[in-house]
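Below is one structure; the comments refer to it alone.
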Amino acid sequence: MTGRQLTIAVLIGLLIVGGIGSAAGQTHSTADSSSAQLSSPPADSYVVEQGSFCQPIEPLSGDETIESFYEYRSHETHPDDVERLYSSYGTTNFQRDDTSSLFLYEGPDGLSLGMVHDRLGGESEGALVTLELAGLPHESQWVVKDDNYTGETRMDEYERGDGWAAASWAYQDGRTDGGALRGGLDGEFAVTAHPRFNEDAAFAGSELPVSGIPESGGIEEWDVLSGSAENPDRTSLPSLDDPITIRAGTCEEPSVTYDRTSNGITADITNAAPDDSIGVQPTRGTDDGVRFDRVELTGIDGDALVTFESRFSEVSETPPADVDPLSYLTVAEQSETSDAEATVSVTVSKDRLKERGLEPDEIALYEQRGDEWTAVETTVSDESENEYRFKANVTSLSTVAVAPNPGATSAGSIGLVGIGLGIAAGAVLGLGWLATARTRD
């Protein structure tokens, strides 16, 4: 064999092995990307709904965070020489007397859901307000708490539960109250706000530490803002008493509204077609290191109701056989979902896997069918520095468990086998070339 022929043979072998190595790298691209963020692509349209009423809205936006945009001032946030009437000073341009204003705000830290009641320096007598929000993504937290200071005169209360949050406010004349949540709202979401204004609010009838707060009345209008942060458009909602849903999407798409139960949340789906993919927010699950993030449903024709619970309840007392589950998501009640299929997204912390001595390819989602549990194909769809995100398709909407799967086949092992086969193929081709060359010589 000539030197030129030997060089060509070696180059072909290297190209084959290099090509297989590149393909294997693509196989591992998700698992090897430690900087990947476990998030959904941003939505490009939003609506607010109340009963049959539906209105497209646009987030207010700015270069400052929602905390700076709201600019709450108290004795703990501003010095003595700065005016600080325990109110929002950053939203005075759109505050209104006797009006509660709800809005989305797009800032450098993502999308937030904000609310401000009444007008600073206005003619309102003050008011009592309670809002309970259901269907919140797990990442959402109260980042603005109007009147969140220490002291006997502080009355406002903020809560955060599994799939829900709530706040109750009481304030005097000429001041505002409100707050904002951020986290998990940059992709697909639907959040339902259940209002209790004035005499229906949680503080109604209570003995409050501050005088001058009305026992009833105060809020007369509930508005949603849209467009320019400097001069937003206002939509007056039809009712002060009925819940509203603010969500990503359009008015033509199926609607999902949420309510809180004693042990979880319900998702009420309306106007769905079997081909529609409908994302719903489940409860978190039964383990702090495991988080059920999203359930995408198909096959629903018309309306359906699904109840999620974060506990392994009386729905089944028998876990999957021969495995010790990490977490459960209980589907406690469902209607009109017999033909539904679902894609379940779940996030598991790397520390939790390490505690159990598990690799990501040893994890599977199990679905419950009657008294039987079946492991379904589960893949790693994303990875961050501290977490893996898994996806799995289930053939029916049922209670599911995250657990080790002794029969799992590693995608990484498949990749290594592929590399080995590529090297072997390259070696065979190279040897064949050498044999041909020697024959010719």
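In the structure tokens, each chain is lettered A, B, ... as it comes, each chain's residues begin at 1, and ligands are numbered from 1 in order of appearance.
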
**OP:** Name all residues at most 8 Å from Gly179 in chain A (count only C-alpha atoms; drop same-chain ones fewer than 3 positions away) and give them as a ChimeraX atom specification.
**Re:** /A:114-116,142-146

**OP:** For Glu377 in chain A, list every protein, DNA or RNA residue within 12 Å, evaluated using only C-alpha atoms, and leave out those in the same chain fewer than 2 positions away; present the list as a PyMOL selection string.
**Re:** chain A and resi 343-344+361-367+374-375+379-380+390-395+402+405+407-411

Output N, CA and C atoms for every residue in that selection, as a compact mmCIF listing (two decimals), in the first residue's frame.
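Full text of selection05.txt as output:
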# COMPACT_ATOMS: atom_id res chain seq x y z
N THR A 343 -49.57 14.28 28.29
CA THR A 343 -48.12 14.34 28.40
C THR A 343 -47.80 15.03 29.72
N VAL A 344 -47.09 14.34 30.58
CA VAL A 344 -46.80 14.84 31.92
C VAL A 344 -45.34 15.30 31.96
N ASP A 361 -31.50 8.18 33.75
CA ASP A 361 -32.08 7.18 32.86
C ASP A 361 -32.67 5.99 33.62
N GLU A 362 -32.63 6.04 34.95
CA GLU A 362 -33.25 4.99 35.76
C GLU A 362 -34.58 5.44 36.36
N ILE A 363 -35.11 6.55 35.86
CA ILE A 363 -36.37 7.10 36.36
C ILE A 363 -37.47 6.89 35.32
N ALA A 364 -38.66 6.56 35.79
CA ALA A 364 -39.81 6.41 34.89
C ALA A 364 -41.06 6.92 35.56
N LEU A 365 -42.01 7.28 34.75
CA LEU A 365 -43.35 7.64 35.22
C LEU A 365 -44.22 6.40 35.14
N TYR A 366 -44.96 6.13 36.21
CA TYR A 366 -45.90 5.02 36.25
C TYR A 366 -47.31 5.58 36.25
N GLU A 367 -48.19 5.00 35.44
CA GLU A 367 -49.59 5.41 35.47
C GLU A 367 -50.42 4.29 36.09
N THR A 374 -48.35 0.80 35.54
CA THR A 374 -47.57 0.50 34.35
C THR A 374 -46.52 1.58 34.13
N ALA A 375 -45.27 1.18 33.97
CA ALA A 375 -44.21 2.14 33.65
C ALA A 375 -44.33 2.53 32.18
N THR A 379 -38.55 10.25 29.11
CA THR A 379 -37.31 10.81 28.55
C THR A 379 -36.91 12.06 29.31
N VAL A 380 -35.60 12.33 29.30
CA VAL A 380 -35.08 13.59 29.82
C VAL A 380 -35.24 14.64 28.73
N PHE A 390 -38.29 15.68 33.06
CA PHE A 390 -38.69 14.46 32.37
C PHE A 390 -40.05 14.68 31.71
N LYS A 391 -40.29 13.95 30.62
CA LYS A 391 -41.60 13.94 29.97
C LYS A 391 -42.01 12.51 29.71
N ALA A 392 -43.31 12.27 29.83
CA ALA A 392 -43.85 10.95 29.56
C ALA A 392 -45.29 11.08 29.08
N ASN A 393 -45.67 10.20 28.16
CA ASN A 393 -47.04 10.17 27.66
C ASN A 393 -47.81 9.06 28.36
N VAL A 394 -48.99 9.40 28.89
CA VAL A 394 -49.84 8.40 29.52
C VAL A 394 -51.10 8.26 28.69
N THR A 395 -51.65 7.08 28.68
CA THR A 395 -52.78 6.79 27.79
C THR A 395 -54.12 7.10 28.43
N VAL A 402 -43.69 8.87 40.19
CA VAL A 402 -42.31 8.92 39.70
C VAL A 402 -41.52 7.93 40.53
N ASN A 405 -37.11 2.66 37.59
CA ASN A 405 -37.56 1.65 36.63
C ASN A 405 -36.42 0.67 36.39
N GLY A 407 -36.09 -1.80 34.59
CA GLY A 407 -35.90 -2.23 33.21
C GLY A 407 -35.56 -1.12 32.26
N ALA A 408 -35.22 0.06 32.78
CA ALA A 408 -34.97 1.21 31.90
C ALA A 408 -33.74 0.99 31.06
N THR A 409 -33.79 1.48 29.80
CA THR A 409 -32.64 1.46 28.90
C THR A 409 -32.10 2.86 28.76
N SER A 410 -30.84 3.02 29.07
CA SER A 410 -30.25 4.35 29.08
C SER A 410 -30.03 4.88 27.69
N ALA A 411 -30.46 6.14 27.43
CA ALA A 411 -30.15 6.80 26.16
C ALA A 411 -28.65 6.97 26.03

**OP:** Identify all residues of range 197-417 of chain A in strand (DSSP E) (DSSP on the backbone) and supply them as a VMD selection string.
**Re:** chain A and resid 197 221 to 226 233 to 236 244 to 248 255 to 260 264 to 272 278 to 280 290 to 298 302 to 309 327 to 335 341 to 349 363 to 369 372 to 376 378 to 383 387 to 394 400 to 404

**OP:** Determine which residues of range 313-389 of chain A receive a DSSP assignment of helix (DSSP H, G or I), computed from the backbone, and state them as a ChimeraX atom specification.
**Re:** /A:350-356,360-362

Limited to N, CA and C atoms, could you put the picked residues into a file as a PDB file, in the first residue's frame?
ATOM      1  N   LYS A 350     -31.327  17.033  41.184  1.00  0.00           N
ATOM      2  CA  LYS A 350     -30.186  16.113  41.122  1.00  0.00           C
ATOM      3  C   LYS A 350     -29.816  15.602  42.512  1.00  0.00           C
ATOM      4  N   ASP A 351     -30.022  16.447  43.521  1.00  0.00           N
ATOM      5  CA  ASP A 351     -29.743  16.003  44.887  1.00  0.00           C
ATOM      6  C   ASP A 351     -30.661  14.862  45.290  1.00  0.00           C
ATOM      7  N   ARG A 352     -31.922  14.931  44.842  1.00  0.00           N
ATOM      8  CA  ARG A 352     -32.875  13.861  45.197  1.00  0.00           C
ATOM      9  C   ARG A 352     -32.461  12.550  44.531  1.00  0.00           C
ATOM     10  N   LEU A 353     -32.035  12.621  43.285  1.00  0.00           N
ATOM     11  CA  LEU A 353     -31.560  11.409  42.615  1.00  0.00           C
ATOM     12  C   LEU A 353     -30.315  10.858  43.307  1.00  0.00           C
ATOM     13  N   LYS A 354     -29.427  11.753  43.696  1.00  0.00           N
ATOM     14  CA  LYS A 354     -28.195  11.316  44.366  1.00  0.00           C
ATOM     15  C   LYS A 354     -28.505  10.632  45.685  1.00  0.00           C
ATOM     16  N   GLU A 355     -29.479  11.170  46.428  1.00  0.00           N
ATOM     17  CA  GLU A 355     -29.872  10.550  47.695  1.00  0.00           C
ATOM     18  C   GLU A 355     -30.351   9.123  47.489  1.00  0.00           C
ATOM     19  N   ARG A 356     -31.032   8.889  46.371  1.00  0.00           N
ATOM     20  CA  ARG A 356     -31.571   7.555  46.091  1.00  0.00           C
ATOM     21  C   ARG A 356     -30.599   6.687  45.304  1.00  0.00           C
ATOM     22  N   PRO A 360     -30.431   9.600  35.942  1.00  0.00           N
ATOM     23  CA  PRO A 360     -31.670  10.068  35.298  1.00  0.00           C
ATOM     24  C   PRO A 360     -32.308   9.038  34.381  1.00  0.00           C
ATOM     25  N   ASP A 361     -31.501   8.179  33.746  1.00  0.00           N
ATOM     26  CA  ASP A 361     -32.083   7.180  32.858  1.00  0.00           C
ATOM     27  C   ASP A 361     -32.675   5.989  33.619  1.00  0.00           C
ATOM     28  N   GLU A 362     -32.632   6.038  34.946  1.00  0.00           N
ATOM     29  CA  GLU A 362     -33.249   4.986  35.756  1.00  0.00           C
ATOM     30  C   GLU A 362     -34.582   5.435  36.358  1.00  0.00           C
TER      31      GLU A 362
END

**OP:** With a distance cut-off of 12 Å and only C-alpha atoms, select the neighbouring residues of Ser206 in chain A, excluding the residue or stretch itself and same-chain residues fewer than 3 positions from it, and output the selection as a VMD selection string.
**Re:** chain A and resid 128 155 170 199 to 203 209 to 211 213 to 216

Original post:
Taking only C-alpha atoms into account, which of A:Ser87, A:Ser74, A:Thr176, A:Ser112 comes nearest Ser100 in chain A?
Top reply: A:Thr176

Original post:
Of the residues A:Gly184, A:Pro232, A:Pro243, A:Pro79, which is the one nearest to Glu132 in chain A, using only C-alpha atoms?
Top reply: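 Nearest to Glu132 in chain A: A:Pro243.
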
Original post:
Can you list, as a ChimeraX atom specification, every protein, DNA or RNA residue that comes within 10 Å of Leu113 in chain A when you count only C-alpha atoms, leaving out same-chain residues fewer than 2 positions away?
Top reply: /A:59,66,102-106,111,115,140,142,179-183,185,191,246

Dump N, CA and C atoms for the selected residues as a CSV table (one decimal), in the first residue's frame?
chain,number,residue,atom,x,y,z
A,59,PRO,N,-49.4,43.0,27.9
A,59,PRO,CA,-48.7,43.4,29.2
A,59,PRO,C,-48.2,44.8,29.1
A,66,ILE,N,-40.5,44.6,38.5
A,66,ILE,CA,-41.9,44.9,39.0
A,66,ILE,C,-41.8,45.6,40.3
A,102,LEU,N,-55.9,45.4,37.8
A,102,LEU,CA,-55.2,44.2,37.6
A,102,LEU,C,-54.4,44.3,36.3
A,103,PHE,N,-53.1,43.8,36.2
A,103,PHE,CA,-52.3,44.0,35.0
A,103,PHE,C,-51.2,42.9,35.0
A,104,LEU,N,-50.8,42.6,33.7
A,104,LEU,CA,-49.5,41.9,33.5
A,104,LEU,C,-48.4,43.0,33.3
A,105,TYR,N,-47.2,42.6,33.8
A,105,TYR,CA,-46.1,43.6,33.6
A,105,TYR,C,-44.9,42.8,33.1
A,106,GLU,N,-44.3,43.2,32.0
A,106,GLU,CA,-43.2,42.5,31.4
A,106,GLU,C,-41.9,43.4,31.7
A,111,LEU,N,-42.3,38.0,33.2
A,111,LEU,CA,-43.7,38.5,33.3
A,111,LEU,C,-44.2,38.4,34.8
A,115,MET,N,-51.4,44.0,40.9
A,115,MET,CA,-52.7,44.6,41.2
A,115,MET,C,-52.5,45.7,42.2
A,140,SER,N,-44.2,30.7,40.9
A,140,SER,CA,-44.7,32.0,41.2
A,140,SER,C,-44.6,32.3,42.7
A,142,TRP,N,-45.0,35.8,45.7
A,142,TRP,CA,-45.3,37.2,46.0
A,142,TRP,C,-43.9,38.0,46.0
A,179,GLY,N,-50.2,44.3,45.3
A,179,GLY,CA,-49.0,43.4,45.3
A,179,GLY,C,-48.8,42.9,43.9
A,180,ALA,N,-47.8,42.0,43.8
A,180,ALA,CA,-47.4,41.4,42.5
A,180,ALA,C,-46.8,40.0,42.7
A,181,LEU,N,-47.1,39.1,41.8
A,181,LEU,CA,-46.4,37.8,41.8
A,181,LEU,C,-45.6,37.6,40.5
A,182,ARG,N,-44.5,36.9,40.6
A,182,ARG,CA,-43.6,36.7,39.5
A,182,ARG,C,-43.1,35.2,39.6
A,183,GLY,N,-42.8,34.7,38.4
A,183,GLY,CA,-42.2,33.3,38.3
A,183,GLY,C,-43.2,32.4,37.6
A,185,LEU,N,-44.6,32.5,34.7
A,185,LEU,CA,-45.6,33.1,33.9
A,185,LEU,C,-45.1,33.4,32.5
A,191,VAL,N,-54.4,31.7,35.1
A,191,VAL,CA,-54.5,32.0,36.6
A,191,VAL,C,-55.9,32.5,36.8
A,246,ILE,N,-57.0,35.1,33.8
A,246,ILE,CA,-56.0,35.8,32.9
A,246,ILE,C,-55.1,34.8,32.5

Original post:
How many Å separate CA of Arg260 in chain A from CA of Ile278 in chain A?
Top reply: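 CA of Ile278 in chain A lies at a distance of 19.5 Å from CA of Arg260 in chain A.
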
Subject >> Nearest to Leu326 in chain A, chosen from A:Phe292, A:Trp169, A:Phe189, A:Tyr158, with only C-alpha atoms counted in the distances >> reply: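 So, comparing all the options, the nearest one is A:Phe292.
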
Subject >> Exercise: Leu136 in chain A partners within 12 Å, only C-alpha atoms, chain neighbours under 6 positions left out, as an MDAnalysis selection string >> reply: chainID A and resid 112:113 142 160:166 181:186 188:193 245:247 257:260 264:267 280:284 293:294

Next, write the just-selected residues to a file, as a PDB file, in the first residue's frame, keeping C-alpha atoms as the atom set.
ATOM      1  CA  SER A 112     -45.451  39.447  36.547  1.00  0.00           C
ATOM      2  CA  LEU A 113     -49.089  39.654  37.602  1.00  0.00           C
ATOM      3  CA  TRP A 142     -45.272  37.226  45.969  1.00  0.00           C
ATOM      4  CA  ARG A 160     -48.769  30.840  49.078  1.00  0.00           C
ATOM      5  CA  GLY A 161     -50.036  27.272  48.768  1.00  0.00           C
ATOM      6  CA  ASP A 162     -49.755  24.364  46.338  1.00  0.00           C
ATOM      7  CA  GLY A 163     -51.205  25.764  43.105  1.00  0.00           C
ATOM      8  CA  TRP A 164     -52.715  28.854  44.730  1.00  0.00           C
ATOM      9  CA  ALA A 165     -51.942  32.139  46.455  1.00  0.00           C
ATOM     10  CA  ALA A 166     -54.048  34.631  48.385  1.00  0.00           C
ATOM     11  CA  LEU A 181     -46.422  37.765  41.770  1.00  0.00           C
ATOM     12  CA  ARG A 182     -43.600  36.676  39.488  1.00  0.00           C
ATOM     13  CA  GLY A 183     -42.249  33.331  38.308  1.00  0.00           C
ATOM     14  CA  GLY A 184     -43.441  30.680  35.881  1.00  0.00           C
ATOM     15  CA  LEU A 185     -45.616  33.091  33.887  1.00  0.00           C
ATOM     16  CA  ASP A 186     -43.385  33.473  30.829  1.00  0.00           C
ATOM     17  CA  GLU A 188     -48.298  29.011  28.814  1.00  0.00           C
ATOM     18  CA  PHE A 189     -50.369  29.693  31.927  1.00  0.00           C
ATOM     19  CA  ALA A 190     -53.883  30.383  33.173  1.00  0.00           C
ATOM     20  CA  VAL A 191     -54.520  31.951  36.581  1.00  0.00           C
ATOM     21  CA  THR A 192     -57.997  32.406  38.006  1.00  0.00           C
ATOM     22  CA  ALA A 193     -58.582  35.266  40.469  1.00  0.00           C
ATOM     23  CA  THR A 245     -59.074  34.114  34.398  1.00  0.00           C
ATOM     24  CA  ILE A 246     -56.050  35.817  32.923  1.00  0.00           C
ATOM     25  CA  ARG A 247     -54.152  33.500  30.604  1.00  0.00           C
ATOM     26  CA  THR A 257     -60.302  28.093  34.914  1.00  0.00           C
ATOM     27  CA  TYR A 258     -59.089  27.011  38.336  1.00  0.00           C
ATOM     28  CA  ASP A 259     -60.481  26.794  41.814  1.00  0.00           C
ATOM     29  CA  ARG A 260     -58.976  25.754  45.106  1.00  0.00           C
ATOM     30  CA  GLY A 264     -55.566  20.712  45.842  1.00  0.00           C
ATOM     31  CA  ILE A 265     -56.955  22.520  42.822  1.00  0.00           C
ATOM     32  CA  THR A 266     -59.467  21.844  40.066  1.00  0.00           C
ATOM     33  CA  ALA A 267     -59.015  22.646  36.380  1.00  0.00           C
ATOM     34  CA  VAL A 280     -53.246  22.430  32.785  1.00  0.00           C
ATOM     35  CA  GLN A 281     -51.406  23.191  36.002  1.00  0.00           C
ATOM     36  CA  PRO A 282     -51.210  20.242  38.420  1.00  0.00           C
ATOM     37  CA  THR A 283     -50.343  20.355  42.091  1.00  0.00           C
ATOM     38  CA  ARG A 284     -46.702  19.825  42.983  1.00  0.00           C
ATOM     39  CA  ASP A 293     -44.916  21.015  36.304  1.00  0.00           C
ATOM     40  CA  ARG A 294     -47.461  20.577  33.531  1.00  0.00           C
TER      41      ARG A 294
END
